[in-house]
file start00.tsv (TSV, C-alpha atoms)
chain	number	residue	atom	x	y	z
L	705	MET	CA	0.00	0.00	0.00
L	706	LYS	CA	1.59	3.25	-1.15
L	707	ALA	CA	2.09	5.99	1.45
L	708	LEU	CA	-0.10	9.10	1.24
L	709	LYS	CA	1.92	12.29	0.79
L	710	ILE	CA	0.28	15.60	1.64
L	711	GLY	CA	2.87	18.27	0.92
L	712	ASN	CA	5.88	17.42	3.10
L	713	LEU	CA	3.77	15.19	5.34
L	714	LYS	CA	3.92	11.42	4.85
L	715	ILE	CA	1.18	9.09	6.08
L	716	ALA	CA	2.70	5.60	5.90
L	717	VAL	CA	-0.63	3.79	5.51
L	718	PRO	CA	-2.92	5.89	3.25
L	719	VAL	CA	-5.84	5.79	5.70
L	720	ILE	CA	-7.30	8.87	7.38
L	721	GLN	CA	-9.68	8.00	10.20
L	722	GLY	CA	-12.97	9.85	9.84
L	723	GLY	CA	-13.80	12.56	12.35
L	724	MET	CA	-16.91	11.30	14.16
L	725	GLY	CA	-18.81	13.47	16.61
L	726	VAL	CA	-20.19	13.71	19.21
L	727	GLY	CA	-17.38	12.10	21.20
L	728	ILE	CA	-16.88	9.04	18.98
L	729	SER	CA	-13.42	10.00	17.71
L	730	LEU	CA	-11.37	11.78	20.33
L	731	SER	CA	-7.75	11.40	21.44
L	732	GLY	CA	-8.12	7.68	22.23
L	733	LEU	CA	-9.08	6.55	18.74
L	734	ALA	CA	-7.04	9.22	16.94
L	735	SER	CA	-3.78	8.33	18.71
L	736	ALA	CA	-4.32	4.59	18.18
L	737	VAL	CA	-4.80	5.12	14.42
L	738	ALA	CA	-1.77	7.42	14.26
L	739	ASN	CA	0.35	4.79	16.01
L	740	GLU	CA	-0.48	2.31	13.25
L	741	GLY	CA	0.75	4.69	10.53
L	742	GLY	CA	-2.59	6.23	9.58
L	743	ALA	CA	-3.85	9.74	10.33
L	744	GLY	CA	-5.89	10.01	13.53
L	745	ILE	CA	-8.63	12.64	13.59
L	746	ILE	CA	-10.28	14.31	16.57
L	747	SER	CA	-13.84	15.50	15.97
L	748	SER	CA	-14.47	18.99	17.34
L	749	ALA	CA	-18.27	18.54	17.25
L	750	GLY	CA	-19.90	18.53	20.68
L	751	LEU	CA	-16.78	19.07	22.77
L	752	GLY	CA	-18.57	21.80	24.71
L	753	LEU	CA	-20.87	19.15	26.20
L	754	LEU	CA	-18.09	16.66	26.87
L	755	TYR	CA	-16.03	19.37	28.61
L	756	LYS	CA	-18.82	21.30	30.35
L	757	ASN	CA	-16.82	21.08	33.60
L	758	PHE	CA	-14.21	23.33	31.92
L	759	SER	CA	-16.73	26.14	31.42
L	760	ALA	CA	-20.47	26.75	31.77
L	761	ASP	CA	-20.33	28.47	28.37
L	762	TYR	CA	-20.73	25.81	25.65
L	763	LEU	CA	-18.59	27.56	23.04
L	764	GLU	CA	-15.79	28.34	25.50
L	765	ALA	CA	-15.84	24.76	26.79
L	766	SER	CA	-15.60	23.54	23.17
L	767	ILE	CA	-12.31	25.36	22.60
L	768	LYS	CA	-10.84	24.31	25.94
L	769	GLY	CA	-11.91	20.75	25.25
L	770	LEU	CA	-10.30	20.78	21.81
L	771	LYS	CA	-6.98	21.92	23.28
L	772	GLU	CA	-7.21	19.16	25.89
L	773	GLU	CA	-7.96	16.44	23.32
L	774	ILE	CA	-5.04	17.53	21.14
L	775	ARG	CA	-2.76	17.50	24.19
L	776	LEU	CA	-3.94	14.01	25.19
L	777	ALA	CA	-3.43	12.69	21.65
L	778	ARG	CA	0.08	14.13	21.49
L	779	GLU	CA	0.92	12.38	24.77
L	780	LYS	CA	0.00	9.01	23.24
L	781	THR	CA	1.51	9.27	19.76
L	782	LYS	CA	4.19	10.86	17.62
L	783	GLY	CA	2.11	10.06	14.54
L	784	VAL	CA	-0.12	12.23	12.35
L	785	ILE	CA	-2.98	13.93	14.22
L	786	GLY	CA	-5.72	16.13	12.77
L	787	VAL	CA	-8.98	17.86	13.67
L	788	ASN	CA	-12.32	17.68	11.88
L	789	VAL	CA	-14.49	20.80	11.99
L	790	MET	CA	-17.96	21.49	10.58
L	791	VAL	CA	-18.33	24.70	8.56
L	792	ALA	CA	-21.90	24.87	9.88
L	793	MET	CA	-20.70	25.24	13.48
L	794	THR	CA	-21.20	28.71	14.95
L	795	ASN	CA	-17.67	28.61	16.40
L	796	PHE	CA	-16.07	27.41	13.14
L	797	ALA	CA	-13.58	30.32	13.06
L	798	ASP	CA	-12.47	29.88	16.69
L	799	THR	CA	-12.11	26.12	16.22
L	800	VAL	CA	-9.98	26.57	13.09
L	801	ARG	CA	-7.78	29.18	14.79
L	802	THR	CA	-7.30	26.91	17.81
L	803	ALA	CA	-6.41	23.81	15.76
L	804	ILE	CA	-3.85	25.79	13.75
L	805	ALA	CA	-2.39	27.41	16.87
L	806	GLU	CA	-2.07	23.96	18.45
L	807	LYS	CA	-0.10	22.88	15.35
L	808	VAL	CA	-2.22	19.87	14.37
L	809	ASP	CA	-0.97	18.16	11.21
L	810	LEU	CA	-4.31	18.18	9.36
L	811	LEU	CA	-7.41	20.35	9.53
L	812	ILE	CA	-10.39	18.81	7.75
L	813	ALA	CA	-13.55	20.85	7.13
L	814	GLY	CA	-16.93	19.62	5.92
L	815	ALA	CA	-20.68	20.29	6.29
L	816	GLY	CA	-20.41	23.36	4.05
L	817	LEU	CA	-17.79	24.93	1.81
L	818	PRO	CA	-14.86	26.32	3.88
L	819	LEU	CA	-14.20	29.20	1.49
L	820	ASP	CA	-12.19	31.32	3.95
L	821	MET	CA	-10.14	28.61	5.68
L	822	PRO	CA	-6.70	29.78	4.42
L	823	SER	CA	-7.33	33.20	5.99
L	824	PHE	CA	-6.60	31.68	9.40
L	825	LEU	CA	-3.09	30.53	8.53
L	826	THR	CA	-0.04	32.44	9.77
L	827	LYS	CA	3.49	32.46	8.34
L	828	GLU	CA	4.51	29.89	10.95
L	829	SER	CA	1.59	27.51	10.28
L	830	LYS	CA	2.42	23.91	9.41
L	831	THR	CA	-1.17	22.64	9.42
L	832	LYS	CA	-2.43	21.16	6.14
L	833	LEU	CA	-5.90	22.33	5.05
L	834	ILE	CA	-8.26	19.70	3.61
L	835	PRO	CA	-11.82	20.53	2.52
L	836	ILE	CA	-14.49	17.83	2.20
L	837	VAL	CA	-16.54	17.96	-1.01
L	838	SER	CA	-19.26	15.86	-2.60
L	839	SER	CA	-18.85	17.00	-6.22
L	840	ALA	CA	-16.25	18.06	-8.79
L	841	ARG	CA	-17.97	21.46	-8.95
L	842	ALA	CA	-17.42	22.05	-5.22
L	843	ALA	CA	-13.74	21.08	-5.56
L	844	LYS	CA	-13.30	23.59	-8.39
L	845	ILE	CA	-15.08	26.38	-6.49
L	846	ILE	CA	-12.82	25.89	-3.46
L	847	CYS	CA	-9.63	25.78	-5.56
L	848	ASP	CA	-10.65	28.92	-7.48
L	849	LYS	CA	-11.64	30.89	-4.36
L	850	TRP	CA	-8.63	29.87	-2.29
L	851	LYS	CA	-6.17	30.63	-5.07
L	852	THR	CA	-7.78	33.96	-6.01
L	853	ASN	CA	-8.32	35.24	-2.47
L	854	TYR	CA	-5.39	33.70	-0.56
L	855	ASN	CA	-2.93	32.39	-3.19
L	856	TYR	CA	-3.38	28.97	-1.60
L	857	LEU	CA	-4.54	25.61	-2.91
L	858	PRO	CA	-5.93	22.79	-0.77
L	859	ASP	CA	-3.18	20.52	0.54
L	860	ALA	CA	-5.54	17.63	-0.24
L	861	VAL	CA	-9.24	17.16	-0.94
L	862	ILE	CA	-11.59	14.58	0.58
L	863	VAL	CA	-14.59	13.43	-1.44
L	864	GLU	CA	-17.33	11.92	0.71
L	865	GLY	CA	-19.65	9.73	-1.32
L	866	PRO	CA	-23.30	8.97	-0.54
L	867	LYS	CA	-22.53	5.78	1.45
L	868	ALA	CA	-20.89	7.75	4.27
L	869	GLY	CA	-22.26	7.93	7.78
L	870	GLY	CA	-23.62	11.07	9.41
L	871	HIS	CA	-24.44	14.20	7.45
L	872	LEU	CA	-24.31	13.86	3.68
L	873	GLY	CA	-23.66	16.58	1.11
L	874	PHE	CA	-26.32	15.28	-1.24
L	875	ARG	CA	-30.02	15.81	-1.81
L	876	GLU	CA	-32.04	12.80	-0.70
L	877	GLU	CA	-32.85	11.74	-4.26
L	878	GLN	CA	-29.14	11.75	-5.15
L	879	ILE	CA	-28.06	9.35	-2.40
L	880	PHE	CA	-29.16	6.22	-4.27
L	881	ASP	CA	-28.65	7.63	-7.78
L	882	SER	CA	-25.92	5.78	-9.72
L	883	ASN	CA	-24.70	9.12	-11.13
L	884	TYR	CA	-23.43	10.12	-7.68
L	885	THR	CA	-21.50	7.02	-6.59
L	886	LEU	CA	-18.03	7.40	-5.13
L	887	GLU	CA	-16.69	5.40	-8.08
L	888	LYS	CA	-18.02	8.08	-10.45
L	889	LEU	CA	-17.04	11.04	-8.28
L	890	VAL	CA	-13.37	10.10	-7.82
L	891	PRO	CA	-12.32	10.25	-11.52
L	892	GLU	CA	-14.41	13.41	-12.03
L	893	ILE	CA	-12.70	15.23	-9.16
L	894	VAL	CA	-9.23	13.97	-10.12
L	895	ASN	CA	-9.84	15.52	-13.58
L	896	GLU	CA	-11.09	18.76	-12.01
L	897	LEU	CA	-7.98	19.07	-9.83
L	898	LYS	CA	-5.55	18.29	-12.66
L	899	PRO	CA	-5.53	21.78	-14.29
L	900	PHE	CA	-4.73	23.38	-10.90
L	901	GLU	CA	-1.93	20.89	-10.29
L	902	GLU	CA	-0.42	21.49	-13.73
L	903	LYS	CA	-0.76	25.28	-13.67
L	904	TYR	CA	0.69	25.75	-10.18
L	905	GLY	CA	3.01	22.73	-9.96
L	906	GLN	CA	1.38	21.36	-6.80
L	907	HIS	CA	0.03	17.87	-6.30
L	908	ILE	CA	-3.43	17.85	-4.68
L	909	PRO	CA	-4.09	14.29	-3.48
L	910	LEU	CA	-7.72	13.15	-3.52
L	911	ILE	CA	-8.86	11.07	-0.55
L	912	ALA	CA	-11.99	8.95	-1.03
L	913	ALA	CA	-14.57	8.35	1.72
L	914	GLY	CA	-17.98	6.79	2.15
L	915	GLY	CA	-18.49	3.04	1.97
L	916	ILE	CA	-14.79	2.13	2.19
L	917	TYR	CA	-14.65	-0.86	4.54
L	918	THR	CA	-12.03	-3.39	3.38
L	919	GLY	CA	-8.53	-3.42	1.96
L	920	GLN	CA	-10.04	-4.50	-1.34
L	921	ASP	CA	-12.24	-1.36	-1.27
L	922	ILE	CA	-9.08	0.71	-0.75
L	923	LYS	CA	-7.36	-0.98	-3.68
L	924	GLU	CA	-10.33	-0.50	-6.03
L	925	ILE	CA	-10.85	3.19	-5.23
L	926	MET	CA	-7.12	3.97	-5.45
L	927	ASP	CA	-7.06	2.29	-8.87
L	928	LEU	CA	-9.61	4.95	-9.91
L	929	GLY	CA	-7.23	7.78	-8.96
L	930	ALA	CA	-7.62	8.31	-5.21
L	931	SER	CA	-4.34	8.77	-3.31
L	932	GLY	CA	-5.80	7.52	-0.05
L	933	VAL	CA	-9.03	6.87	1.83
L	934	GLN	CA	-10.94	8.15	4.83
L	935	MET	CA	-12.64	5.50	6.98
L	936	GLY	CA	-14.92	6.05	9.96
L	937	THR	CA	-17.39	3.21	10.37
L	938	ARG	CA	-14.84	0.40	10.59
L	939	PHE	CA	-13.05	2.13	13.47
L	940	VAL	CA	-16.17	2.47	15.63
L	941	THR	CA	-16.11	-1.19	16.67
L	942	THR	CA	-12.59	-1.03	18.10
L	943	ASP	CA	-11.35	-1.15	21.68
L	944	GLU	CA	-9.84	2.31	21.32
L	945	CYS	CA	-12.92	4.08	19.91
L	946	ASP	CA	-14.00	6.71	22.44
L	947	ALA	CA	-17.71	5.73	22.37
L	948	SER	CA	-19.42	3.59	25.01
L	949	MET	CA	-19.66	-0.18	24.57
L	950	ASP	CA	-23.44	0.23	24.16
L	951	PHE	CA	-22.82	2.55	21.18
L	952	LYS	CA	-20.44	0.04	19.59
L	953	GLN	CA	-22.91	-2.79	20.24
L	954	THR	CA	-25.59	-1.02	18.20
L	955	TYR	CA	-23.31	-1.40	15.15
L	956	ILE	CA	-22.75	-5.09	15.89
L	957	ASP	CA	-26.48	-5.70	16.38
L	958	ALA	CA	-27.58	-3.72	13.29
L	959	THR	CA	-28.87	-5.40	10.16
L	960	GLU	CA	-28.60	-3.82	6.72
L	961	ASN	CA	-32.27	-2.80	6.94
L	962	ASP	CA	-31.65	-0.94	10.22
L	963	ILE	CA	-29.45	1.66	8.50
L	964	GLU	CA	-31.58	4.43	7.04
L	965	ILE	CA	-31.48	8.00	5.76
L	966	ILE	CA	-32.98	10.47	8.23
L	967	LYS	CA	-33.68	14.19	8.18
L	968	SER	CA	-31.34	16.11	10.46
L	969	PRO	CA	-32.07	19.44	12.19
L	970	VAL	CA	-28.82	20.65	10.61
L	971	GLY	CA	-30.66	20.76	7.27
L	972	MET	CA	-28.87	17.85	5.60
L	973	PRO	CA	-29.90	14.22	5.17
L	974	GLY	CA	-27.95	11.84	7.40
L	975	ARG	CA	-27.35	8.10	7.61
L	976	ALA	CA	-28.06	6.53	10.98
L	977	ILE	CA	-29.04	3.27	12.69
L	978	LEU	CA	-32.74	3.13	13.51
L	979	SER	CA	-33.64	3.57	17.18
L	980	ASN	CA	-36.74	4.09	19.30
L	981	PHE	CA	-35.87	7.78	19.35
L	982	ILE	CA	-36.00	8.04	15.54
L	983	ASP	CA	-39.38	6.28	15.58
L	984	LYS	CA	-40.70	8.83	18.11
L	985	VAL	CA	-39.42	11.73	15.98
L	986	ARG	CA	-41.17	10.32	12.91
L	987	GLU	CA	-44.38	10.10	14.91
L	988	GLY	CA	-44.01	13.80	15.78
L	989	LYS	CA	-43.39	13.25	19.49
L	990	LYS	CA	-40.23	15.34	19.86
L	991	GLN	CA	-39.93	19.12	19.93
L	992	PRO	CA	-37.32	21.22	21.74
L	993	LYS	CA	-38.63	24.22	23.65
L	994	ALA	CA	-35.38	26.17	23.43
L	995	CYS	CA	-31.91	25.98	21.89
L	996	PRO	CA	-29.44	25.56	24.75
L	997	PHE	CA	-26.18	25.74	22.80
L	998	LYS	CA	-26.58	27.59	19.48
L	999	CYS	CA	-23.91	25.27	18.11
L	1000	ILE	CA	-25.04	25.00	14.45
L	1001	LYS	CA	-25.74	28.00	12.20
L	1002	THR	CA	-28.28	26.14	10.07
L	1003	CYS	CA	-30.35	24.70	12.94
L	1004	ASP	CA	-33.71	26.48	13.34
L	1005	ILE	CA	-35.26	25.77	16.75
L	1006	SER	CA	-38.75	26.68	15.51
L	1007	LYS	CA	-38.59	23.88	12.92
L	1008	SER	CA	-36.26	21.35	14.56
L	1009	PRO	CA	-37.95	18.25	15.95
L	1010	TYR	CA	-35.10	17.75	18.43
L	1011	CYS	CA	-31.67	19.05	19.48
L	1012	ILE	CA	-29.18	17.02	17.47
L	1013	ILE	CA	-26.23	17.54	19.78
L	1014	ILE	CA	-28.19	16.22	22.77
L	1015	ALA	CA	-29.43	13.26	20.71
L	1016	LEU	CA	-25.88	12.37	19.66
L	1017	MET	CA	-24.59	12.85	23.21
L	1018	ASN	CA	-27.26	10.45	24.49
L	1019	ALA	CA	-26.25	7.91	21.83
L	1020	LEU	CA	-22.59	8.24	22.83
L	1021	LYS	CA	-23.61	7.07	26.31
L	1022	GLY	CA	-25.76	4.26	24.88
L	1023	ASN	CA	-29.18	5.86	25.49
L	1024	PHE	CA	-31.10	5.11	22.27
L	1025	GLU	CA	-34.45	6.04	23.79
L	1026	ALA	CA	-33.20	9.63	23.53
L	1027	GLY	CA	-30.69	9.48	20.67
L	1028	TYR	CA	-29.31	7.61	17.68
L	1029	ALA	CA	-26.00	6.50	16.18
L	1030	PHE	CA	-24.79	7.89	12.88
L	1031	ALA	CA	-23.23	5.13	10.77
L	1032	GLY	CA	-21.95	4.40	7.29
L	1033	SER	CA	-23.77	2.03	4.94
L	1034	ASN	CA	-21.50	-0.87	5.95
L	1035	ALA	CA	-22.01	-0.62	9.72
L	1036	PHE	CA	-24.03	-3.86	9.73
L	1037	ARG	CA	-20.89	-5.77	8.67
L	1038	ALA	CA	-19.35	-5.38	12.14
L	1039	THR	CA	-19.43	-8.67	14.06
L	1040	ARG	CA	-17.25	-8.01	17.11
L	1041	ILE	CA	-14.83	-5.58	18.73
L	1042	PHE	CA	-11.28	-5.49	17.34
L	1043	SER	CA	-8.21	-3.50	18.31
L	1044	VAL	CA	-7.14	-0.72	15.94
L	1045	LYS	CA	-3.95	-2.72	15.31
L	1046	GLU	CA	-6.06	-5.71	14.19
L	1047	VAL	CA	-8.08	-3.50	11.85
L	1048	PHE	CA	-4.91	-2.21	10.19
L	1049	GLN	CA	-3.49	-5.73	9.90
L	1050	SER	CA	-6.74	-6.85	8.29
L	1051	LEU	CA	-6.82	-3.91	5.86
L	1052	LEU	CA	-3.24	-4.53	4.76
L	1053	MET	CA	-3.86	-8.24	4.28
L	1054	GLU	CA	-7.10	-7.61	2.33
L	1055	TYR	CA	-5.30	-5.07	0.14
L	1056	ARG	CA	-2.43	-7.47	-0.50
L	1057	ASN	CA	-4.79	-10.34	-1.34
L	1058	SER	CA	-6.74	-8.21	-3.83
L	1059	THR	CA	-3.46	-7.16	-5.49
L	1060	GLU	CA	-2.28	-10.76	-5.78
L	1061	ARG	CA	-5.53	-11.80	-7.45
L	1062	GLU	CA	-4.90	-9.45	-10.38
call {"tool": "encode", "arguments": {"input": "start00.tsv", "output": "structure tokens"}}
result
Amino acid sequence: MKALKIGNLKIAVPVIQGGMGVGISLSGLASAVANEGGAGIISSAGLGLLYKNFSADYLEASIKGLKEEIRLAREKTKGVIGVNVMVAMTNFADTVRTAIAEKVDLLIAGAGLPLDMPSFLTKESKTKLIPIVSSARAAKIICDKWKTNYNYLPDAVIVEGPKAGGHLGFREEQIFDSNYTLEKLVPEIVNELKPFEEKYGQHIPLIAAGGIYTGQDIKEIMDLGASGVQMGTRFVTTDECDASMDFKQTYIDATENDIEIIKSPVGMPGRAILSNFIDKVREGKKQPKACPFKCIKTCDISKSPYCIIIALMNALKGNFEAGYAFAGSNAFRATRIFSVKEVFQSLLMEYRNSTERE
């Protein structure tokens, strides 16, 4: 398996662990992945709830919590560590500034187009900036805007296909449309990035995500032009994942029919494992009276059937009467808990076997 190079940064195994909030991928999972030669990612979503003892103010606690998680990860690994941030978060700017100031290796931004992300860099910054896109058009818009406004190109680009877990950058009718598969998107985006690479003499690696579960999947998508992959779902059912055992067990217990597309208060469709809570929402039994955190710009309390951050926090703890687990389309394939080391060994063996079959 060829190493993933992002500028002067080398990721020995071309696997970036997906940033999963709320509390699913923190320093524990991120450092374990980094120690195996991948890139470990801390999700910044919901840290204000996880670190509410640091401050009564949600947004302030979020920043303090992010600094703490980065510190904890750095204590456990010398490998590649990054932070995932949602553009839709109200404290997007503060989170980006903090991650860069803390000198994380990678800063990954999704749930919206991060058109101003390079503006937060300083002359001393070493952090690589990686936007998440769901189309070739979005990749081109970001490259054009960043180059025009900041004389900067993305250090890499992640394309998240419609099989990903959590919030999806597609309309509901596109999710199961064959024109929007990851296998179609990867070559399209590689071709869109090529003129920028040639004109400015800078390689922009494309990292594929959404539905990547085995080493064979990695091989097949890299054969289409991806330089690496991002994987979230497969790392949930590991010892080192920061979620509760009850959260992990819901993946192991899930059948393929349990994984559905839901409507999120954030304003995007999302993929999650069915729970009693989701059933209650569909029956119209949930309605928040107030917004306690103001964490997402696009969340309208007057129209939201529930507070998503509280629902995800409940799921983290294993309370599926009051929450649900986001999951990729392959979550049902989990059969037991593995160590992160075992997952990497399995991926490398699966990749090698698929290569030998050619």
call {"tool": "closest_atom_pairs", "arguments": {"input": "start00.tsv", "of": "region 849-959 of chain L", "to": "region 1042-1049 of chain L", "cutoff": "8 Å", "atoms": "all atoms listed in the file", "output": "JSON lines"}}
result
{"residue": "L:Arg938", "atom": "CA", "partner": "L:Val1047", "partner_atom": "CA", "distance": 7.9}
{"residue": "L:Phe939", "atom": "CA", "partner": "L:Val1044", "partner_atom": "CA", "distance": 7.0}
{"residue": "L:Thr941", "atom": "CA", "partner": "L:Phe1042", "partner_atom": "CA", "distance": 6.5}
{"residue": "L:Thr942", "atom": "CA", "partner": "L:Phe1042", "partner_atom": "CA", "distance": 4.7}
{"residue": "L:Asp943", "atom": "CA", "partner": "L:Ser1043", "partner_atom": "CA", "distance": 5.2}
{"residue": "L:Glu944", "atom": "CA", "partner": "L:Val1044", "partner_atom": "CA", "distance": 6.7}
call {"tool": "atom_distance", "arguments": {"input": "start00.tsv", "atom1": "CA of Pro858 (chain L)", "atom2": "CA of Ile834 (chain L)"}}
result
5.8 Å
call {"tool": "residues_around", "arguments": {"input": "start00.tsv", "residues": "Val890 (chain L)", "least_positions_apart": "6", "cutoff": "7 Å", "atoms": "all atoms listed in the file", "output": "list in words"}}
result
Leu928, Gly929 and Ala930 of chain L
call {"tool": "closest_atom_pairs", "arguments": {"input": "start00.tsv", "of": "region 796-825 of chain L", "to": "region 847-852 of chain L", "cutoff": "8 Å", "atoms": "all atoms listed in the file", "output": "tab-separated table"}}
result
residue	atom	partner	partner_atom	distance
L:Leu819	CA	L:Lys849	CA	6.6
L:Asp820	CA	L:Trp850	CA	7.3
L:Pro822	CA	L:Trp850	CA	7.0
call {"tool": "residues_near_point", "arguments": {"input": "start00.tsv", "point": "(-13.5, 15.8, 14.5)", "cutoff": "6 Å", "atoms": "all atoms listed in the file", "output": "VMD selection string"}}
result
chain L and resid 723 to 724 745 to 748 787 to 789
call {"tool": "atom_distance", "arguments": {"input": "start00.tsv", "atom1": "CA of Glu964 (chain L)", "atom2": "CA of Ala1031 (chain L)"}}
result
9.2 Å
call {"tool": "residues_around", "arguments": {"input": "start00.tsv", "residues": "region 859-873 of chain L", "least_positions_apart": "3", "cutoff": "6 Å", "atoms": "all atoms listed in the file", "output": "PyMOL selection string"}}
result
chain L and resi 832-838+879+886+908-915+973-975+1030-1033
call {"tool": "residues_around", "arguments": {"input": "start00.tsv", "residues": "Leu763 (chain L)", "least_positions_apart": "3", "cutoff": "10 Å", "atoms": "only C-alpha atoms", "output": "PyMOL selection string"}}
result
chain L and resi 750-753+756+759-760+766-769+794-795+798-799+997-999
call {"tool": "closest_residue", "arguments": {"input": "start00.tsv", "among": "L:Ile728, L:Ile804, L:Leu733, L:Ile812", "to": "Ala1029 (chain L)", "atoms": "only C-alpha atoms"}}
result
L:Ile728
call {"tool": "atom_distance", "arguments": {"input": "start00.tsv", "atom1": "CA of Leu730 (chain L)", "atom2": "CA of Val933 (chain L)"}}
result
19.3 Å
call {"tool": "residues_around", "arguments": {"input": "start00.tsv", "residues": "Thr918 (chain L)", "least_positions_apart": "5", "cutoff": "12 Å", "atoms": "only C-alpha atoms", "output": "PyMOL selection string"}}
result
chain L and resi 719+923-925+933-939+1034+1037-1038+1047-1058
call {"tool": "write_last_selection", "arguments": {"input": "start00.tsv", "atoms": "C-alpha atoms", "output": "PDB file, keeping the file's coordinate frame"}}
result
ATOM      1  CA  VAL L 719      -5.840   5.790   5.700  1.00  0.00           C
ATOM      2  CA  LYS L 923      -7.360  -0.980  -3.680  1.00  0.00           C
ATOM      3  CA  GLU L 924     -10.330  -0.500  -6.030  1.00  0.00           C
ATOM      4  CA  ILE L 925     -10.850   3.190  -5.230  1.00  0.00           C
ATOM      5  CA  VAL L 933      -9.030   6.870   1.830  1.00  0.00           C
ATOM      6  CA  GLN L 934     -10.940   8.150   4.830  1.00  0.00           C
ATOM      7  CA  MET L 935     -12.640   5.500   6.980  1.00  0.00           C
ATOM      8  CA  GLY L 936     -14.920   6.050   9.960  1.00  0.00           C
ATOM      9  CA  THR L 937     -17.390   3.210  10.370  1.00  0.00           C
ATOM     10  CA  ARG L 938     -14.840   0.400  10.590  1.00  0.00           C
ATOM     11  CA  PHE L 939     -13.050   2.130  13.470  1.00  0.00           C
ATOM     12  CA  ASN L1034     -21.500  -0.870   5.950  1.00  0.00           C
ATOM     13  CA  ARG L1037     -20.890  -5.770   8.670  1.00  0.00           C
ATOM     14  CA  ALA L1038     -19.350  -5.380  12.140  1.00  0.00           C
ATOM     15  CA  VAL L1047      -8.080  -3.500  11.850  1.00  0.00           C
ATOM     16  CA  PHE L1048      -4.910  -2.210  10.190  1.00  0.00           C
ATOM     17  CA  GLN L1049      -3.490  -5.730   9.900  1.00  0.00           C
ATOM     18  CA  SER L1050      -6.740  -6.850   8.290  1.00  0.00           C
ATOM     19  CA  LEU L1051      -6.820  -3.910   5.860  1.00  0.00           C
ATOM     20  CA  LEU L1052      -3.240  -4.530   4.760  1.00  0.00           C
ATOM     21  CA  MET L1053      -3.860  -8.240   4.280  1.00  0.00           C
ATOM     22  CA  GLU L1054      -7.100  -7.610   2.330  1.00  0.00           C
ATOM     23  CA  TYR L1055      -5.300  -5.070   0.140  1.00  0.00           C
ATOM     24  CA  ARG L1056      -2.430  -7.470  -0.500  1.00  0.00           C
ATOM     25  CA  ASN L1057      -4.790 -10.340  -1.340  1.00  0.00           C
ATOM     26  CA  SER L1058      -6.740  -8.210  -3.830  1.00  0.00           C
TER      27      SER L1058
END
call {"tool": "residues_near_point", "arguments": {"input": "start00.tsv", "point": "(2.2, 4.9, 15.6)", "cutoff": "12 Å", "atoms": "all atoms listed in the file", "output": "ChimeraX atom specification"}}
result
/L:715-717,733-744,777-785,1044-1045,1048
call {"tool": "residues_around", "arguments": {"input": "start00.tsv", "residues": "Gly1027 (chain L)", "least_positions_apart": "2", "cutoff": "6 Å", "atoms": "all atoms listed in the file", "output": "list of chain:residue names"}}
result
L:Phe981, L:Ala1015, L:Leu1016, L:Asn1018, L:Ala1019, L:Phe1024, L:Glu1025
call {"tool": "closest_residue", "arguments": {"input": "start00.tsv", "among": "L:Ile916, L:Val791, L:Ile1013, L:Leu825", "to": "Lys807 (chain L)", "atoms": "all atoms listed in the file"}}
result
L:Leu825
call {"tool": "closest_residue", "arguments": {"input": "start00.tsv", "among": "L:Thr959, L:Asn1023, L:Ser979, L:Ser839", "to": "Asn883 (chain L)", "atoms": "all atoms listed in the file"}}
result
L:Ser839
call {"tool": "closest_residue", "arguments": {"input": "start00.tsv", "among": "L:Ala843, L:Leu817, L:Met949, L:Leu770", "to": "Phe758 (chain L)", "atoms": "only C-alpha atoms"}}
result
L:Leu770
